Structures are given as structure tokens and as C-alpha cells.
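Report on the structure given below.
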Amino acid sequence: MSLTEMKDVMIPDGQTRQLARKFHAPRTRTTLAILLCLLGAARSDAAELKQKTLQAWEAYVQTANQTMEQRAAGRSPFLWVDESPDVLQRVRSGELVVANRDHSDVPSGLIHHWVGAMFLPGATLDEVNAVFNDYDHYPNFYRPRVVKVKVLKQTDDYQKITTLVVQRSFGVTGAVEADDEIHIVRLDARRVYSLSNATRVQEIADYGQPEEHLLSENQGPGYVWRTVSMNRLEERDGGVYIEMEMIGLSRGIPVGLRWLIKPLIEHMPRTIMLETLQDTRNAVAERIKRDPGQDQTVAQNGPRP
């Protein structure tokens, strides 16, 4: 089955689709998705990022980076799907596979860690990269929640962008503006990965209202304080494997509210990741259909996380 033919295949997860309708899950993609995942657990009271929370986050990210270094060095499988023959087969058959890697409580905070994977038969690495680097069309690809993406700097192995994402859930609007630095590593002609780190994350108070304003960094409702993401692409088996690994830090959830918030932090990120993968698959299919063969000479940059 070709990538274009797969475009309209149903995502094989009826429960997830029901949850998408229940929680009005948005459509978005890659590192932008983690912002929306965290915005899903909306709370309106103010919070402040504590130093002990930040230290725990930095330790977690360091471990995640070391794991990525092991994959790149060949000490472990480059792709997460290669760790399980069952997962690999599901992805090869056209399924969008998403897994919760971790939900870690840290002092006054919560770390969210998700991974998603898919296989695009008939696609090439350059064709996928062309979509990932087409920032001007992100608001079209991943509407309505991706409002703006602005490129601040772009080279073959480095990108810096500003993003604005908005999530509305249960009558609460959460908006975040962030600067991301993306480092791209091309291991060889068929494998590339990228590491993205949000160097600035600011929540927006009263979004869409006349009094709209940016809150100070590390202060606000605490929907999202930090984000890190990793993308891995490998062209083989007649197509391209795409993996999106996203890690985010939000404020902690009081014990008394976990019964209310838990369904959101467990199910909404899964739904958003599935929608993100589907949006990306659709965008690549449309590009191949519209400009067949064009991407052999473009998209030399790595994947956007």
C-alpha cells in the first residue's frame, strides 16, 4: 500500500477516537504537540517553577539525551520500533503506534514522556524533510492550534524558531509562546535525528482579549514550563520510518485532583500524538501528489522535532 493510498486509512484505535471526541483533542504535530499535551490539563491558578523542580527536570533530560547518544552510536537500536518485533510489524502494516514512556512525579512538578512512530511507504527522506521544514505552512498543516511559526535562524544543522500554540479545553484557554533551538545530526544518507530544546517558554494571559499579555518566564498557570523533543528518521524497507519522542514539564497535580486530571494526562496526549502523526502523513502524501520528484534537490535539513 502506497503512502497516498494510506492517507484515508482509519487509525486502528476506536477507544482513542472516542476519547478525541470526548476531550475535543486538537490537531497539531511534533514538538508543538507536547505543548498542547500539557495545556490539556488546564488549571487557572498561578504557579512558579521551583529550583528543585528544574533540577529534577535537567537530570531527566540528561538521561534521555544519553539514551539518544547510545542510539546514534549504535550501542542500541536507532529506532524505538526495532526494540520490539511486534511494534515494528504494527508500524509496517500502517498503524500509528503511540506509547507512554513515563509520567514521573518530581518535586512540585510532573514530567510527561511520550513516543510515537509510523512508516510512510513510498516516501523518501528528502520528501519527509521538505514537509518538516515547511514552516510557512505549519498553521495549515496542523490547524487550528498551531497559530504561528517564525524562523529566527536556519542552517543545515541548526534551526531556531518561535512558535505560538493555543489549546481550548473545558472552557479554559491556554496559550504558550516558545523559542526552540533544534540541532540536526545526519548520521548517513538514510538516517537523521534532531534534538529540540525550548530555550524560552512563556504562557500568555487573557489570550485573545484586549488585555492579552505575556507572563514572566517560569510563572503562570504552569501548563508547560519546559519541553524537549527528539525526532528520528530512517529510510529503508521502501519508505521512511518516523519517530517523535516528546518530553515536557508541567506543574504537579494535587493528590485530591488526580481523579479529575488523570484521564486528561493519560489519554489526551495519546490522542494528540496520533493526530500529529496522521497530520504529518497527510502532509507528506499531499506533497508527493502535488510535486512528485521535486524533493530530490530540496529539504537537505534534518527533521523538525
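We label chains A, B, ... in the order they appear in the C-alpha cells, count residues from 1 in each chain, and number ligands from 1 in the order shown.
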
Residue neighbourhood A:Leu214, 8 Å, only C-alpha atoms, exclusion window fewer than 2 positions, as a PyMOL selection string: chain A and resi 202-205+212+216

Within 8 Å of A:Pro107 using only C-alpha atoms, minus same-chain residues under 5 positions, as a PyMOL selection string: chain A and resi 52-53+56+252

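Between atom CA of A:Val115 and atom CA of A:Ile272 the interatomic distance comes to 11.4 Å.
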
Neighbour list for A:Ser108 as a VMD selection string, cut-off 8 Å, only C-alpha atoms, skip fewer than 2 positions in-chain: chain A and resid 50 53 105 to 106 110 251 to 252

Residues just named, written with C-alpha atoms as a short mmCIF file (atom, residue, chain, number, x, y, z; two decimals), in the first residue's frame:
```cif
data_model
loop_
_atom_site.label_atom_id
_atom_site.label_comp_id
_atom_site.auth_asym_id
_atom_site.auth_seq_id
_atom_site.Cartn_x
_atom_site.Cartn_y
_atom_site.Cartn_z
CA LYS A 50 10.89 25.99 41.75
CA THR A 53 11.73 21.08 40.10
CA ASP A 105 6.41 12.91 39.65
CA VAL A 106 9.17 15.34 40.59
CA LEU A 110 5.24 16.34 36.57
CA ARG A 251 3.31 21.82 37.45
CA GLY A 252 2.40 18.97 39.75
#
```

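Residues within 12 Å of stretch 66-71 of chain A, counting only C-alpha atoms and excluding same-chain residues fewer than 6 positions away, are A:Ala59, A:Tyr60, A:Pro77, A:Phe78, A:Leu79, A:Trp80, A:Asp82, A:Glu83, A:Val185, A:Leu187, A:Arg191, A:Val192, A:Tyr193, A:Ser194, A:Leu195, A:Ser229, A:Met230, A:Asn231, A:Arg232, A:Glu245.
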
Could you write out that same residue set with C-alpha atoms as a PDB file, in the first residue's frame?
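Final output, out_4.pdb:
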```
ATOM      1  CA  ALA A  59      18.574  15.298  35.411  1.00  0.00           C
ATOM      2  CA  TYR A  60      15.775  13.557  33.497  1.00  0.00           C
ATOM      3  CA  PRO A  77      18.724   0.258  18.067  1.00  0.00           C
ATOM      4  CA  PHE A  78      18.487   3.631  16.350  1.00  0.00           C
ATOM      5  CA  LEU A  79      14.712   3.288  16.117  1.00  0.00           C
ATOM      6  CA  TRP A  80      12.478   2.576  19.070  1.00  0.00           C
ATOM      7  CA  ASP A  82      13.284  -2.024  16.336  1.00  0.00           C
ATOM      8  CA  GLU A  83      13.253  -2.899  20.032  1.00  0.00           C
ATOM      9  CA  VAL A 185      22.542  15.296  13.021  1.00  0.00           C
ATOM     10  CA  LEU A 187      24.317  10.056  10.537  1.00  0.00           C
ATOM     11  CA  ARG A 191      19.376   8.235   8.894  1.00  0.00           C
ATOM     12  CA  VAL A 192      18.946  11.601  10.579  1.00  0.00           C
ATOM     13  CA  TYR A 193      17.848  12.741  14.009  1.00  0.00           C
ATOM     14  CA  SER A 194      17.222  16.052  15.711  1.00  0.00           C
ATOM     15  CA  LEU A 195      17.183  17.374  19.254  1.00  0.00           C
ATOM     16  CA  SER A 229      11.887  16.552  21.843  1.00  0.00           C
ATOM     17  CA  MET A 230      13.755  14.110  19.634  1.00  0.00           C
ATOM     18  CA  ASN A 231      12.889  13.065  16.097  1.00  0.00           C
ATOM     19  CA  ARG A 232      14.364  10.061  14.334  1.00  0.00           C
ATOM     20  CA  GLU A 245       9.727  11.446  21.176  1.00  0.00           C
TER      21      GLU A 245
END
```

Point-to-point distance from atom CA of A:Val147 to atom CA of A:Pro269, Å rounded to tenths: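 A separation of 19.1 Å between them.
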
Contact residues around A:Leu277 with only C-alpha atoms at 8 Å, ignoring same-chain residues under 4 positions, as a VMD selection string: chain A and resid 29 96 116 to 118 273 281

For A:Asp180: contacts at 9 Å, only C-alpha atoms, fewer than 6 positions along chain excluded, given as a ChimeraX atom specification: /A:159-163,196-201,227-228

Nearby residues (only C-alpha atoms) at most 12 Å from A:Val98, same-chain spacing under 2 positions excluded, as a PyMOL selection string: chain A and resi 11-13+16+80-81+87+90-91+95-96+100-101+113-118+242-246+266-278

Deliver the residues from the most recent selection as a file, using N, CA and C atoms, as a short mmCIF file (atom, residue, chain, number, x, y, z; two decimals), in the first residue's frame.
```
data_model
loop_
_atom_site.label_atom_id
_atom_site.label_comp_id
_atom_site.auth_asym_id
_atom_site.auth_seq_id
_atom_site.Cartn_x
_atom_site.Cartn_y
_atom_site.Cartn_z
N ILE A 11 -7.25 5.13 11.76
CA ILE A 11 -6.30 4.82 12.82
C ILE A 11 -6.91 3.70 13.65
N PRO A 12 -6.21 2.56 13.81
CA PRO A 12 -6.81 1.41 14.47
C PRO A 12 -6.84 1.56 15.98
N ASP A 13 -7.67 2.44 16.48
CA ASP A 13 -7.81 2.61 17.91
C ASP A 13 -9.14 3.29 18.17
N THR A 16 -9.40 5.42 21.30
CA THR A 16 -8.73 6.70 21.21
C THR A 16 -9.56 7.71 20.45
N TRP A 80 13.21 3.19 17.96
CA TRP A 80 12.48 2.58 19.07
C TRP A 80 11.70 1.35 18.60
N VAL A 81 11.13 1.41 17.39
CA VAL A 81 10.31 0.29 16.91
C VAL A 81 11.14 -0.98 16.73
N VAL A 87 5.89 -4.34 17.64
CA VAL A 87 5.68 -2.93 17.32
C VAL A 87 6.12 -2.63 15.89
N ARG A 90 3.48 -3.82 13.50
CA ARG A 90 2.30 -2.96 13.53
C ARG A 90 2.54 -1.69 12.73
N VAL A 91 3.71 -1.11 12.89
CA VAL A 91 4.04 0.11 12.15
C VAL A 91 4.14 -0.18 10.67
N GLU A 95 -0.14 1.00 10.97
CA GLU A 95 -0.68 1.53 12.24
C GLU A 95 0.17 2.68 12.75
N LEU A 96 -0.47 3.63 13.37
CA LEU A 96 0.22 4.70 14.08
C LEU A 96 0.34 4.25 15.54
N ASN A 100 3.21 5.58 26.08
CA ASN A 100 3.57 6.42 27.22
C ASN A 100 4.85 5.89 27.82
N ARG A 101 5.93 6.60 27.64
CA ARG A 101 7.22 6.15 28.16
C ARG A 101 7.35 6.40 29.65
N HIS A 113 6.35 11.98 29.16
CA HIS A 113 7.28 11.44 28.17
C HIS A 113 6.52 10.46 27.27
N TRP A 114 6.38 10.83 25.99
CA TRP A 114 5.62 10.04 25.03
C TRP A 114 6.45 9.80 23.78
N VAL A 115 6.17 8.69 23.09
CA VAL A 115 6.82 8.39 21.83
C VAL A 115 5.76 7.91 20.84
N GLY A 116 5.91 8.33 19.59
CA GLY A 116 5.00 7.90 18.53
C GLY A 116 5.81 7.49 17.31
N ALA A 117 5.28 6.53 16.53
CA ALA A 117 6.01 6.03 15.37
C ALA A 117 5.05 5.69 14.25
N MET A 118 5.56 5.81 13.02
CA MET A 118 4.80 5.39 11.85
C MET A 118 5.77 5.10 10.71
N ILE A 242 9.28 7.21 10.84
CA ILE A 242 9.31 8.47 11.59
C ILE A 242 8.99 8.17 13.04
N GLU A 243 9.85 8.65 13.93
CA GLU A 243 9.59 8.55 15.36
C GLU A 243 9.66 9.93 15.99
N MET A 244 8.69 10.25 16.83
CA MET A 244 8.64 11.51 17.55
C MET A 244 8.63 11.20 19.04
N GLU A 245 9.63 11.66 19.73
CA GLU A 245 9.73 11.45 21.18
C GLU A 245 9.68 12.81 21.85
N MET A 246 8.71 13.00 22.75
CA MET A 246 8.48 14.31 23.33
C MET A 246 8.43 14.24 24.84
N GLU A 266 -3.40 11.14 30.69
CA GLU A 266 -3.14 9.81 30.16
C GLU A 266 -3.67 9.65 28.73
N HIS A 267 -4.84 10.20 28.43
CA HIS A 267 -5.48 9.93 27.15
C HIS A 267 -5.33 11.06 26.14
N MET A 268 -5.37 12.31 26.58
CA MET A 268 -5.26 13.40 25.62
C MET A 268 -3.90 13.41 24.91
N PRO A 269 -2.77 13.24 25.61
CA PRO A 269 -1.50 13.20 24.88
C PRO A 269 -1.45 12.08 23.85
N ARG A 270 -2.01 10.93 24.17
CA ARG A 270 -2.02 9.84 23.20
C ARG A 270 -2.81 10.24 21.95
N THR A 271 -3.97 10.86 22.18
CA THR A 271 -4.79 11.27 21.05
C THR A 271 -4.09 12.34 20.22
N ILE A 272 -3.46 13.29 20.88
CA ILE A 272 -2.76 14.36 20.18
C ILE A 272 -1.59 13.80 19.36
N MET A 273 -0.86 12.85 19.94
CA MET A 273 0.25 12.26 19.21
C MET A 273 -0.25 11.52 17.97
N LEU A 274 -1.34 10.78 18.12
CA LEU A 274 -1.92 10.09 16.97
C LEU A 274 -2.34 11.08 15.88
N GLU A 275 -2.97 12.17 16.29
CA GLU A 275 -3.38 13.18 15.33
C GLU A 275 -2.16 13.83 14.68
N THR A 276 -1.10 14.02 15.45
CA THR A 276 0.12 14.61 14.93
C THR A 276 0.73 13.73 13.85
N LEU A 277 0.82 12.43 14.12
CA LEU A 277 1.35 11.51 13.14
C LEU A 277 0.48 11.50 11.88
N GLN A 278 -0.83 11.47 12.07
CA GLN A 278 -1.74 11.45 10.92
C GLN A 278 -1.61 12.71 10.09
#
```

For atom CA of A:Asn65 and atom CA of A:Val240, the interatomic separation in Å (one decimal): 23.1 Å

Strand (DSSP E or B) call set, DSSP backbone run, stretch 39-204 of chain A, as number ranges by chain: A: 47-48, 97-106, 109-121, 146-154, 158-169, 172-186, 191-204
